[in-house]
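Student: File run_13.pdb below, PDB, C-alpha atoms, pLDDT in the B column:
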```
ATOM      1  CA  MET A 148      12.223 -16.277 -30.207  1.00 46.00           C
ATOM      2  CA  THR A 149      11.356 -18.491 -27.275  1.00 53.00           C
ATOM      3  CA  ASP A 150      13.281 -16.103 -25.026  1.00 85.00           C
ATOM      4  CA  ALA A 151      10.798 -13.355 -25.915  1.00 86.00           C
ATOM      5  CA  VAL A 152       7.943 -15.704 -25.058  1.00 88.00           C
ATOM      6  CA  SER A 153       9.408 -16.746 -21.697  1.00 90.00           C
ATOM      7  CA  ILE A 154      10.184 -13.132 -20.778  1.00 91.00           C
ATOM      8  CA  ALA A 155       6.662 -11.991 -21.703  1.00 92.00           C
ATOM      9  CA  LEU A 156       5.114 -14.906 -19.806  1.00 92.00           C
ATOM     10  CA  SER A 157       7.158 -14.115 -16.696  1.00 93.00           C
ATOM     11  CA  GLY A 158       5.932 -10.525 -16.996  1.00 93.00           C
ATOM     12  CA  LEU A 159       2.332 -11.713 -17.213  1.00 95.00           C
ATOM     13  CA  ARG A 160       2.794 -13.929 -14.131  1.00 95.00           C
ATOM     14  CA  ALA A 161       4.368 -11.054 -12.206  1.00 96.00           C
ATOM     15  CA  GLN A 162       1.482  -8.740 -13.100  1.00 96.00           C
ATOM     16  CA  GLN A 163      -0.999 -11.435 -12.082  1.00 97.00           C
ATOM     17  CA  THR A 164       0.720 -11.575  -8.679  1.00 97.00           C
ATOM     18  CA  ARG A 165       0.577  -7.770  -8.387  1.00 97.00           C
ATOM     19  CA  LEU A 166      -3.127  -7.813  -9.299  1.00 97.00           C
ATOM     20  CA  ALA A 167      -3.912 -10.444  -6.660  1.00 97.00           C
ATOM     21  CA  ALA A 168      -2.049  -8.462  -3.988  1.00 97.00           C
ATOM     22  CA  GLY A 169      -3.800  -5.226  -4.987  1.00 97.00           C
ATOM     23  CA  ALA A 170      -7.201  -6.908  -4.938  1.00 97.00           C
ATOM     24  CA  SER A 171      -6.470  -8.306  -1.481  1.00 97.00           C
ATOM     25  CA  ASN A 172      -5.438  -4.864  -0.235  1.00 97.00           C
ATOM     26  CA  ILE A 173      -8.600  -3.249  -1.609  1.00 97.00           C
ATOM     27  CA  ALA A 174     -10.827  -5.975  -0.173  1.00 97.00           C
ATOM     28  CA  ASN A 175      -9.270  -5.593   3.278  1.00 96.00           C
ATOM     29  CA  ALA A 176      -8.898  -1.809   3.363  1.00 95.00           C
ATOM     30  CA  SER A 177     -11.637  -1.344   5.953  1.00 93.00           C
ATOM     31  CA  THR A 178     -10.894  -4.333   8.155  1.00 92.00           C
ATOM     32  CA  THR A 179      -9.707  -3.782  11.693  1.00 91.00           C
ATOM     33  CA  GLY A 180      -8.027  -5.957  14.270  1.00 90.00           C
ATOM     34  CA  THR A 181      -6.324  -5.979  17.590  1.00 89.00           C
ATOM     35  CA  ALA A 182      -3.509  -3.535  18.127  1.00 83.00           C
ATOM     36  CA  PRO A 183      -0.049  -5.037  18.501  1.00 78.00           C
ATOM     37  CA  ALA A 184       0.877  -5.351  22.145  1.00 72.00           C
ATOM     38  CA  ALA A 185       3.931  -3.729  23.667  1.00 58.00           C
ATOM     39  CA  SER A 186       5.106  -6.960  25.261  1.00 46.00           C
ATOM     40  CA  PRO A 187       6.425  -9.800  23.086  1.00 55.00           C
ATOM     41  CA  SER A 188       4.584 -12.412  25.198  1.00 52.00           C
ATOM     42  CA  ALA A 189       1.183 -10.894  24.344  1.00 50.00           C
ATOM     43  CA  PRO A 190      -0.934 -12.391  21.554  1.00 59.00           C
ATOM     44  CA  ALA A 191      -0.046 -11.288  18.042  1.00 62.00           C
ATOM     45  CA  SER A 192      -1.966  -8.567  16.257  1.00 67.00           C
ATOM     46  CA  THR A 193      -4.852  -9.701  14.075  1.00 79.00           C
ATOM     47  CA  VAL A 194      -4.873  -6.649  11.806  1.00 87.00           C
ATOM     48  CA  TYR A 195      -4.564  -7.178   8.043  1.00 92.00           C
ATOM     49  CA  LYS A 196      -1.104  -6.245   6.833  1.00 92.00           C
ATOM     50  CA  PRO A 197      -1.031  -4.678   3.344  1.00 96.00           C
ATOM     51  CA  LEU A 198       0.716  -6.748   0.703  1.00 96.00           C
ATOM     52  CA  ASN A 199       3.583  -5.353  -1.342  1.00 96.00           C
ATOM     53  CA  VAL A 200       5.049  -7.022  -4.414  1.00 96.00           C
ATOM     54  CA  ASN A 201       8.771  -6.801  -5.067  1.00 96.00           C
ATOM     55  CA  LEU A 202       9.780  -7.329  -8.696  1.00 95.00           C
ATOM     56  CA  THR A 203      13.252  -8.718  -9.357  1.00 95.00           C
ATOM     57  CA  SER A 204      14.807  -9.056 -12.789  1.00 93.00           C
ATOM     58  CA  LEU A 205      16.221 -12.482 -13.541  1.00 90.00           C
ATOM     59  CA  ALA A 206      19.638 -13.101 -15.089  1.00 86.00           C
ATOM     60  CA  SER A 207      18.027 -15.293 -17.760  1.00 81.00           C
ATOM     61  CA  GLY A 208      15.576 -12.512 -18.643  1.00 86.00           C
ATOM     62  CA  GLY A 209      12.136 -11.894 -17.301  1.00 89.00           C
ATOM     63  CA  VAL A 210      11.026 -10.978 -13.834  1.00 93.00           C
ATOM     64  CA  ARG A 211      10.129 -12.628 -10.533  1.00 94.00           C
ATOM     65  CA  ALA A 212       7.453 -11.315  -8.180  1.00 96.00           C
ATOM     66  CA  ASP A 213       7.710 -11.802  -4.422  1.00 96.00           C
ATOM     67  CA  VAL A 214       4.804 -10.913  -2.128  1.00 97.00           C
ATOM     68  CA  VAL A 215       5.643  -9.532   1.310  1.00 96.00           C
ATOM     69  CA  ALA A 216       3.324  -8.250   4.012  1.00 93.00           C
ATOM     70  CA  ASP A 217       4.161  -4.809   5.391  1.00 92.00           C
ATOM     71  CA  PRO A 218       4.802  -5.442   9.110  1.00 86.00           C
ATOM     72  CA  ASN A 219       4.219  -1.767   9.968  1.00 87.00           C
ATOM     73  CA  GLY A 220       1.312  -1.217   7.581  1.00 90.00           C
ATOM     74  CA  TYR A 221      -1.281  -0.233  10.169  1.00 91.00           C
ATOM     75  CA  SER A 222      -2.300   2.725  12.269  1.00 92.00           C
ATOM     76  CA  LEU A 223      -3.998   2.900  15.645  1.00 92.00           C
ATOM     77  CA  ILE A 224      -7.532   4.261  15.810  1.00 92.00           C
ATOM     78  CA  TYR A 225      -9.579   5.078  18.890  1.00 94.00           C
ATOM     79  CA  ASP A 226     -12.725   2.919  18.951  1.00 92.00           C
ATOM     80  CA  PRO A 227     -13.527   1.685  22.454  1.00 92.00           C
ATOM     81  CA  SER A 228     -16.765   0.022  21.279  1.00 93.00           C
ATOM     82  CA  SER A 229     -14.932  -2.361  18.957  1.00 90.00           C
ATOM     83  CA  PRO A 230     -14.498  -5.973  20.064  1.00 89.00           C
ATOM     84  CA  TYR A 231     -10.826  -5.592  19.065  1.00 88.00           C
ATOM     85  CA  ALA A 232     -10.217  -2.621  21.379  1.00 88.00           C
ATOM     86  CA  ASN A 233      -7.389  -2.863  23.867  1.00 88.00           C
ATOM     87  CA  PRO A 234      -7.751  -1.423  27.412  1.00 89.00           C
ATOM     88  CA  GLN A 235      -6.971   2.048  26.055  1.00 91.00           C
ATOM     89  CA  GLY A 236      -9.740   1.706  23.411  1.00 91.00           C
ATOM     90  CA  MET A 237      -7.333   1.481  20.474  1.00 91.00           C
ATOM     91  CA  ILE A 238      -7.713  -0.814  17.469  1.00 92.00           C
ATOM     92  CA  ALA A 239      -5.473  -1.332  14.454  1.00 92.00           C
ATOM     93  CA  ALA A 240      -6.518  -0.513  10.890  1.00 93.00           C
ATOM     94  CA  PRO A 241      -4.439  -1.244   7.786  1.00 94.00           C
ATOM     95  CA  ASP A 242      -2.735   1.715   6.077  1.00 94.00           C
ATOM     96  CA  ILE A 243      -4.051   1.211   2.558  1.00 96.00           C
ATOM     97  CA  ASP A 244      -4.278   4.100   0.139  1.00 95.00           C
ATOM     98  CA  LEU A 245      -7.144   3.185  -2.216  1.00 96.00           C
ATOM     99  CA  THR A 246      -6.082   5.808  -4.758  1.00 97.00           C
ATOM    100  CA  ARG A 247      -2.606   4.281  -4.984  1.00 96.00           C
ATOM    101  CA  GLU A 248      -4.108   0.797  -5.318  1.00 96.00           C
ATOM    102  CA  ILE A 249      -6.333   1.899  -8.225  1.00 96.00           C
ATOM    103  CA  VAL A 250      -3.357   3.555  -9.932  1.00 97.00           C
ATOM    104  CA  ASN A 251      -1.375   0.323  -9.486  1.00 96.00           C
ATOM    105  CA  ILE A 252      -4.191  -1.702 -11.033  1.00 96.00           C
ATOM    106  CA  THR A 253      -4.273   0.669 -14.013  1.00 97.00           C
ATOM    107  CA  GLU A 254      -0.505   0.242 -14.369  1.00 96.00           C
ATOM    108  CA  ILE A 255      -0.940  -3.534 -14.183  1.00 96.00           C
ATOM    109  CA  LYS A 256      -3.509  -3.382 -16.998  1.00 97.00           C
ATOM    110  CA  HIS A 257      -1.051  -1.540 -19.235  1.00 97.00           C
ATOM    111  CA  SER A 258       1.729  -3.978 -18.366  1.00 95.00           C
ATOM    112  CA  PHE A 259      -0.552  -6.882 -19.279  1.00 95.00           C
ATOM    113  CA  LYS A 260      -1.245  -5.241 -22.648  1.00 96.00           C
ATOM    114  CA  ALA A 261       2.465  -4.670 -23.291  1.00 95.00           C
ATOM    115  CA  ASN A 262       3.350  -8.285 -22.534  1.00 93.00           C
ATOM    116  CA  LEU A 263       0.484  -9.525 -24.703  1.00 94.00           C
ATOM    117  CA  ALA A 264       1.724  -7.294 -27.535  1.00 94.00           C
ATOM    118  CA  VAL A 265       5.128  -8.988 -27.276  1.00 92.00           C
ATOM    119  CA  LEU A 266       3.474 -12.409 -27.554  1.00 90.00           C
ATOM    120  CA  LYS A 267       1.359 -11.285 -30.511  1.00 93.00           C
ATOM    121  CA  THR A 268       4.371  -9.804 -32.321  1.00 90.00           C
ATOM    122  CA  GLN A 269       6.408 -12.954 -31.758  1.00 88.00           C
ATOM    123  CA  ASP A 270       3.535 -15.052 -33.136  1.00 84.00           C
ATOM    124  CA  GLU A 271       3.257 -12.824 -36.215  1.00 86.00           C
ATOM    125  CA  MET A 272       7.019 -12.953 -36.794  1.00 86.00           C
ATOM    126  CA  LEU A 273       7.074 -16.749 -36.513  1.00 81.00           C
ATOM    127  CA  GLY A 274       4.114 -16.979 -38.913  1.00 81.00           C
ATOM    128  CA  ALA A 275       5.857 -14.736 -41.436  1.00 80.00           C
ATOM    129  CA  LEU A 276       9.026 -16.813 -41.152  1.00 78.00           C
ATOM    130  CA  LEU A 277       7.101 -20.030 -41.765  1.00 78.00           C
ATOM    131  CA  ASP A 278       5.313 -18.438 -44.743  1.00 74.00           C
ATOM    132  CA  THR A 279       8.619 -17.482 -46.365  1.00 80.00           C
ATOM    133  CA  ARG A 280      10.110 -20.923 -45.738  1.00 70.00           C
ATOM    134  CA  ALA A 281       7.110 -22.781 -47.216  1.00 63.00           C
TER
END
```
Can the structure from this file be put into structure tokens for me?
Tutor:
Amino acid sequence: MTDAVSIALSGLRAQQTRLAAGASNIANASTTGTAPAASPSAPASTVYKPLNVNLTSLASGGVRADVVADPNGYSLIYDPSSPYANPQGMIAAPDIDLTREIVNITEIKHSFKANLAVLKTQDEMLGALLDTRA
């Protein structure tokens, strides 16, 4: 039974990681920064890079969540009045689809509920086993 608990807990941790990444993406959806320069010696871009979470199943059961920033997750926008504008008047804005982020958060909520249901069922089964043994 402890395997069910460890698998459900790894699922909860993975969903917590997904929720944190989604919240960060939503919070930074309207931020802008400097556009990446064409030359490698130029200063790095300061634009927020959307976070993606890769879920990997573990051999022992459960799941691992790895957060990676999307290196190409921005688009160039013309705004010559911005302090981040390059000589051509371009700035970088993160490519974040708010609708997709909200759908992901709804999916995360349902995954949380499913993992909690596993924990509750395991607790009930262990309680019933102890009641029959007593």
Student: Name the residues in contact with A:Pro197 at a cut-off of 9 Å, using only C-alpha atoms, excluding same-chain residues fewer than 6 positions from it; report them as a PyMOL selection string.
Tutor: chain A and resi 168-169+171-172+175-176+215-221+241-243
Student: Got a sec to resolve the PyMOL selection byres ((chain A and resi 165) around 10) on this structure and send the residues as a list in words?
Tutor: Leu159, Arg160, Ala161, Gln162, Gln163, Thr164, Leu166, Ala167, Ala168, Gly169, Ala170, Ser171, Leu198, Asn199, Val200, Asn201, Leu202, Ala212, Asp213, Val214, Asn251, Ile252 and Ile255 of chain A
Student: Hey, what comes out of the PyMOL selection byres ((chain A and resi 180) around 7) on this file? Could you write it as an mmCIF file with C-alpha atoms, keeping the file's coordinate frame?
Tutor:
```cif
data_model
loop_
_atom_site.group_PDB
_atom_site.id
_atom_site.type_symbol
_atom_site.label_atom_id
_atom_site.label_comp_id
_atom_site.auth_asym_id
_atom_site.auth_seq_id
_atom_site.Cartn_x
_atom_site.Cartn_y
_atom_site.Cartn_z
ATOM 1 C CA THR A 178 -10.894 -4.333 8.155
ATOM 2 C CA THR A 179 -9.707 -3.782 11.693
ATOM 3 C CA THR A 181 -6.324 -5.979 17.590
ATOM 4 C CA ALA A 182 -3.509 -3.535 18.127
ATOM 5 C CA SER A 192 -1.966 -8.567 16.257
ATOM 6 C CA THR A 193 -4.852 -9.701 14.075
ATOM 7 C CA VAL A 194 -4.873 -6.649 11.806
ATOM 8 C CA TYR A 231 -10.826 -5.592 19.065
ATOM 9 C CA ILE A 238 -7.713 -0.814 17.469
ATOM 10 C CA ALA A 239 -5.473 -1.332 14.454
ATOM 11 C CA ALA A 240 -6.518 -0.513 10.890
#
```
Student: Counting all atoms listed in the file, what is within 9 Å of stretch 266-273 of chain A, bar same-chain residues fewer than 2 positions away, as a PyMOL selection string?
Tutor: chain A and resi 148-149+151-152+155-156+261-264+275-278
Student: Taking only C-alpha atoms into account, which of A:Asn233, A:Ile173, A:Ser157, A:Ser204 comes nearest A:Ile249?
Tutor: A:Ile173
Student: What is the atom CA of A:Val210-atom CA of A:Phe259 distance in Å, reported with one decimal?
Tutor: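 Distance reported for this atom pair: 13.4 Å.
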Student: Can you tell me which residues surround A:Asp226 at a distance of at most 7 Å, considering all atoms listed in the file, apart from same-chain residues fewer than 5 positions away, and format the answer as a PyMOL selection string?
Tutor: chain A and resi 232+236-238
Student: Of the residues A:Gly274, A:Ser258, A:Asp150, A:Gly158, which is the one nearest to A:Thr203, using only C-alpha atoms?
Tutor: A:Gly158
